[in-house]
Each structure stands twice: as C-alpha cells, then as structure tokens.
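S.K.: Handing you a structure now.
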Amino acid sequence: MPAFSASAPGKSILFGEHAVVYGKPAIAVPVRQVQAKVIVTPKPKSQPGNIHIQAPAIGLDTDLLDLAPNHPLAVAIDLVLSHLKLSYAPGCNLRITSTIPLAAGMGSGAAVSVALIRAFSAYLGKPFPPEQVSALAYEVEKLYHGTPSGIDNTVVTYTKPIYFQRGQPIEILHLPASLTLVIGDTGIISPTAKAVGDVRQAWLADPGYYEGLFDEIGAIVQQARSALESGQLEKCGTLMDSNHALLCELDVSSPELNRLVETARKAGALGAKLSGGGRGGNMIALATAGEAVQISDQLLEVGAHRTIITQIGAQS
Ligand code: PMV
C-alpha cells in the first residue's frame, strides 16, 4: 500500500469575522505560504486499528488509543471511520506537520483537520469530496470554537476567495485584480473560543446594541464584495479600516493589534484590520504591490513577530 498525503493552506478573513457567527456574511481568502500537511503511511505488520500519530509541532508522538477521545485529532479520525461505517482502520502511521501559526487567526486547526480527513479517507480507499471534507472538519471545529460559523473549514477546503454566510451555499469570489496582503503576527496566542465567548456574553447582555454592530459589519461586507469584484482596491482599504473600528467596538482588538494596524496605515497601506478571532494573532493590511515590503519592514520594526506577504488572485 502506498503512502497518502494531503495538505491544506492557512486562511485570512478579509471582512466580517465575529458578525459571521450571527448569520452575517464574511469574506475569507486562502494563504498558501503556510500549510498543514498529513502523511498516512501503512504499517502492514501492525495490529489492525493500531494508528500511531506524530505531530512534532505540538510535541505529540502517541498511539491513537492513548489520546483523549475528545482530542481534535481523535475526533477527526473517528468521524472518517464512522462515515465509512468502519470500526477500525488498517494499522498506519499518521504524521502531521504545519507551518501555520497556532491560535493566531490563520485557521491552523481547520487546515490540520482538512488535510487529515483528506489523507485518511484516501488511505481508506474512499477519498471524500470537498463538501464532505468541509462538513467533517466543521464538526471538529466545534471542539476548538464552540459555536463556529464554518468559514474556516470552508475556505481552507476550497482554497479560493469565498463569500460565506451560514446556512447559504458558498460563493467563490472572482477577483479581476490580484490583491497584495501583508499579514502581521502579534505573536500573542489568542484562542478564538475565548474571544467568541466574550462577544456572546456581551451580546446576551445588550442584544440590541450588538446586533446593530453586526448589521453594520454585514453592510461593510456587502460593499466590500462589490469593491473586490470590481477591482476598487482603495475602497476595499477604506472598508477594512471601518471594519476594524467596529471590531474595536466589539472589544476584540488589543493594543498590539492596534499598533500594527496603525503602523501599516502610516506605511502606506490602503487599509488594515485585525483578522480572525482577535485579541492577539494576526492583522492584515491591503497594500499596493510596490509598498508591501515597506509595510512589512515597518511592522517588524514595531514588534510584529513575523510577517507574510501574499498575493490573492482570481486563480487562487
Ligand atoms: O479561527 P479564527 O481566529 O481565524 O477566527 C474565526 C472567525 C470568527 O468569526 C471569530 C469565528 C467563526 O467561527 O467564524
């Protein structure tokens, strides 16, 4: 039996995070410079059901049986098996590597799930189609997020710019002009579930006020969609700035994120905002191709842990 491998990219939310959990639309893009990869290698001489998992980035080197049953990797493997109505798999080794920063708003959990579900279903002779990969990865996302919108597993599975709204068919966005994004990492680990949970508490305490903010974010996403599809990049930048202001109102920004956002704007970005769950993790800036390096250098100078410059094109 050959080895099976699959990979999945990181992602960045351009517009609409948090409000998307409450049914508003959002726009996300794949970030291919960072990837999660899973290789499944058969172990023909081992006992059936013996699955060994190695994930050096999180210091994991263990048999599946020794993992807690609600561990996201164990859940992903179980979901694939139960979908195929199998009670166990032929013995194998599962190696997981990832260059996507953890808990930083770049979809690392979703990418690992997607790559694992793809590689493991292929190993079992039934490679799942994208909608099934995304649906199972969504089940795993619930462990990380509690109430995920589903945007992460969707963009990471389809690896295209998407317009996403809960419960609606996904729409692939076709961009006439490529986008240059500079992603700046605060280096602060920030679990999405915490930020999402805090927004939920605030919404429960004052639903009218927070629904007003979600509506405003939803309206920005609609305008951003037309601006992106008609190549109006300056308008997109302005809308990113407005989206960031509303995320500050939701109290999911932080001084470090605000510093990077301000720095990117001063260095010539068309617009900038936090991206993902917030509080830490990453921000993004929309740049003209000529200014991206300068923006990245300035971000590093004021303390970004790392930056990624990525181009998103129609063919992404
Ligand atoms: O996983 P993150 O941190 O990139 O953010 C997910 C985006 C949220 O809107 C905050 C949560 C969700 O489930 O959509």
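Just so we're on the same page: first chain in the structure tokens is A, next is B, and so on; residues restart at 1 for each chain, and ligands are numbered from 1 in the order they show up.
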Which polymer residues have any atom within 8 Å of an atom of stretch 84-92 of chain A, counting only C-alpha atoms, with same-chain residues fewer than 4 positions away left out, as an mmCIF file with C-alpha atoms, in the first residue's frame?

M.R.:
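Saved to result_6.cif:
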```cif
data_model
loop_
_atom_site.group_PDB
_atom_site.id
_atom_site.type_symbol
_atom_site.label_atom_id
_atom_site.label_comp_id
_atom_site.auth_asym_id
_atom_site.auth_seq_id
_atom_site.Cartn_x
_atom_site.Cartn_y
_atom_site.Cartn_z
ATOM 1 C CA VAL A 40 -0.509 8.432 6.223
ATOM 2 C CA THR A 41 1.940 5.547 5.912
ATOM 3 C CA PRO A 42 0.687 1.955 6.135
ATOM 4 C CA LYS A 43 2.214 -0.320 8.769
ATOM 5 C CA PRO A 44 1.344 -3.711 7.248
ATOM 6 C CA LYS A 45 2.764 -5.750 10.132
ATOM 7 C CA SER A 46 0.963 -3.884 12.904
ATOM 8 C CA GLN A 47 -2.336 -4.846 14.520
ATOM 9 C CA PRO A 48 -5.440 -3.619 12.675
ATOM 10 C CA GLY A 49 -6.638 -0.449 14.402
ATOM 11 C CA ASN A 50 -3.137 0.497 15.520
ATOM 12 C CA ILE A 51 -2.766 4.122 14.496
ATOM 13 C CA HIS A 52 0.324 5.988 15.568
ATOM 14 C CA VAL A 80 -13.837 9.487 8.909
ATOM 15 C CA LEU A 124 -9.009 4.003 3.345
#
```

S.K.: Run DSSP on the backbone and give me the residues of stretch 5-217 of chain A it puts in helix (DSSP H, G or I), as a PyMOL selection string.

M.R.: chain A and resi 19-22+56-58+64-66+72-83+108-123+130-145+151-158+192-205+207-217

S.K.: Could you state the separation of atom CA of A:Glu291 and atom CA of A:Leu14 in Å, given to one decimal place?

M.R.: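 Here the two named atoms are 18.8 Å from each other.
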
S.K.: Sorted by chain and rising residue number, list the residues of chain A at most 10 Å from ligand 1 (counting only C-alpha atoms and all ligand atoms), each with its closest atom pair and distance in Å to one decimal, as a Markdown table.

M.R.:
```
| residue | atom | partner | partner_atom_place_in_ligand_line | distance |
| --- | --- | --- | --- | --- |
| A:Gly10 | CA | ligand 1 | 4 (O) | 9.3 |
| A:Lys11 | CA | ligand 1 | 4 (O) | 7.4 |
| A:Ser12 | CA | ligand 1 | 4 (O) | 6.7 |
| A:Ile13 | CA | ligand 1 | 4 (O) | 6.8 |
| A:Phe15 | CA | ligand 1 | 9 (O) | 9.5 |
| A:Gly16 | CA | ligand 1 | 9 (O) | 7.0 |
| A:Glu17 | CA | ligand 1 | 9 (O) | 3.6 |
| A:His18 | CA | ligand 1 | 9 (O) | 3.7 |
| A:Ala19 | CA | ligand 1 | 9 (O) | 6.5 |
| A:Val20 | CA | ligand 1 | 9 (O) | 5.5 |
| A:Val21 | CA | ligand 1 | 14 (O) | 5.2 |
| A:Tyr22 | CA | ligand 1 | 14 (O) | 8.9 |
| A:Gly23 | CA | ligand 1 | 14 (O) | 9.7 |
| A:Lys24 | CA | ligand 1 | 9 (O) | 9.9 |
| A:Pro25 | CA | ligand 1 | 14 (O) | 10.0 |
| A:Ala26 | CA | ligand 1 | 9 (O) | 8.3 |
| A:Ala28 | CA | ligand 1 | 4 (O) | 9.5 |
| A:Leu102 | CA | ligand 1 | 3 (O) | 9.6 |
| A:Ala103 | CA | ligand 1 | 3 (O) | 6.6 |
| A:Ala104 | CA | ligand 1 | 3 (O) | 6.1 |
| A:Gly105 | CA | ligand 1 | 4 (O) | 3.3 |
| A:Met106 | CA | ligand 1 | 4 (O) | 5.0 |
| A:Gly107 | CA | ligand 1 | 1 (O) | 5.1 |
| A:Ser108 | CA | ligand 1 | 1 (O) | 7.8 |
| A:Gly109 | CA | ligand 1 | 1 (O) | 7.9 |
| A:Ala110 | CA | ligand 1 | 1 (O) | 8.1 |
| A:Tyr138 | CA | ligand 1 | 13 (O) | 9.6 |
| A:Glu141 | CA | ligand 1 | 13 (O) | 8.2 |
| A:Lys142 | CA | ligand 1 | 13 (O) | 8.7 |
| A:Tyr144 | CA | ligand 1 | 1 (O) | 8.6 |
| A:His145 | CA | ligand 1 | 13 (O) | 6.5 |
| A:Gly146 | CA | ligand 1 | 13 (O) | 8.4 |
| A:Thr147 | CA | ligand 1 | 13 (O) | 6.3 |
| A:Pro148 | CA | ligand 1 | 13 (O) | 3.3 |
| A:Ser149 | CA | ligand 1 | 13 (O) | 3.9 |
| A:Gly150 | CA | ligand 1 | 13 (O) | 5.8 |
| A:Ile151 | CA | ligand 1 | 14 (O) | 5.5 |
| A:Asp152 | CA | ligand 1 | 1 (O) | 6.4 |
| A:Asn153 | CA | ligand 1 | 1 (O) | 9.4 |
| A:Phe164 | CA | ligand 1 | 14 (O) | 9.8 |
| A:Gln165 | CA | ligand 1 | 14 (O) | 9.8 |
| A:Arg166 | CA | ligand 1 | 14 (O) | 9.3 |
| A:Ser190 | CA | ligand 1 | 3 (O) | 7.8 |
| A:Pro191 | CA | ligand 1 | 3 (O) | 7.1 |
| A:Thr192 | CA | ligand 1 | 3 (O) | 4.7 |
| A:Ala193 | CA | ligand 1 | 11 (C) | 7.8 |
| A:Lys194 | CA | ligand 1 | 10 (C) | 9.6 |
| A:Ala195 | CA | ligand 1 | 10 (C) | 7.2 |
| A:Val196 | CA | ligand 1 | 10 (C) | 5.9 |
| A:Gly197 | CA | ligand 1 | 10 (C) | 9.7 |
| A:Val199 | CA | ligand 1 | 10 (C) | 9.3 |
| A:Val252 | CA | ligand 1 | 10 (C) | 9.1 |
| A:Ser275 | CA | ligand 1 | 4 (O) | 6.7 |
| A:Gly276 | CA | ligand 1 | 4 (O) | 3.6 |
| A:Gly277 | CA | ligand 1 | 3 (O) | 3.6 |
| A:Gly278 | CA | ligand 1 | 3 (O) | 6.6 |
| A:Arg279 | CA | ligand 1 | 3 (O) | 9.5 |
| A:Gly280 | CA | ligand 1 | 3 (O) | 9.2 |
| A:Gly281 | CA | ligand 1 | 3 (O) | 7.6 |
| A:Asn282 | CA | ligand 1 | 3 (O) | 8.7 |
```

S.K.: Could you give me the residues within stretch 225-315 of chain A that DSSP places in strand (DSSP E), as a list of chain:residue names?

M.R.: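 Filtering stretch 225-315 of chain A to strand (DSSP E) leaves A:Gly271, A:Ala272, A:Lys273, A:Leu274, A:Ser275, A:Asn282, A:Met283, A:Ile284, A:Ala285, A:Leu286, A:Ala287, A:Arg306, A:Thr307, A:Ile308, A:Ile309, A:Thr310, A:Gln311, A:Ile312.
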
S.K.: Could you name the residues that touch stretch 29-33 of chain A at 10 Å or less, counting only C-alpha atoms, but leaving out those on the same chain fewer than 6 positions away, as JSON, numbers by chain?

M.R.: {"A": [8, 9, 10, 11, 12, 13, 14, 15, 99, 100, 106, 107, 152, 155, 156, 157, 158, 159, 160, 161, 162, 163, 172, 173, 181, 183, 308, 309, 310, 311, 312, 313, 316]}

S.K.: With distances taken over only C-alpha atoms, which of A:Ala245, A:Val114, A:Leu60, A:Ala202 is nearest to A:Pro127?

M.R.: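 Of the candidates, the smallest distance to A:Pro127 is held by A:Val114.
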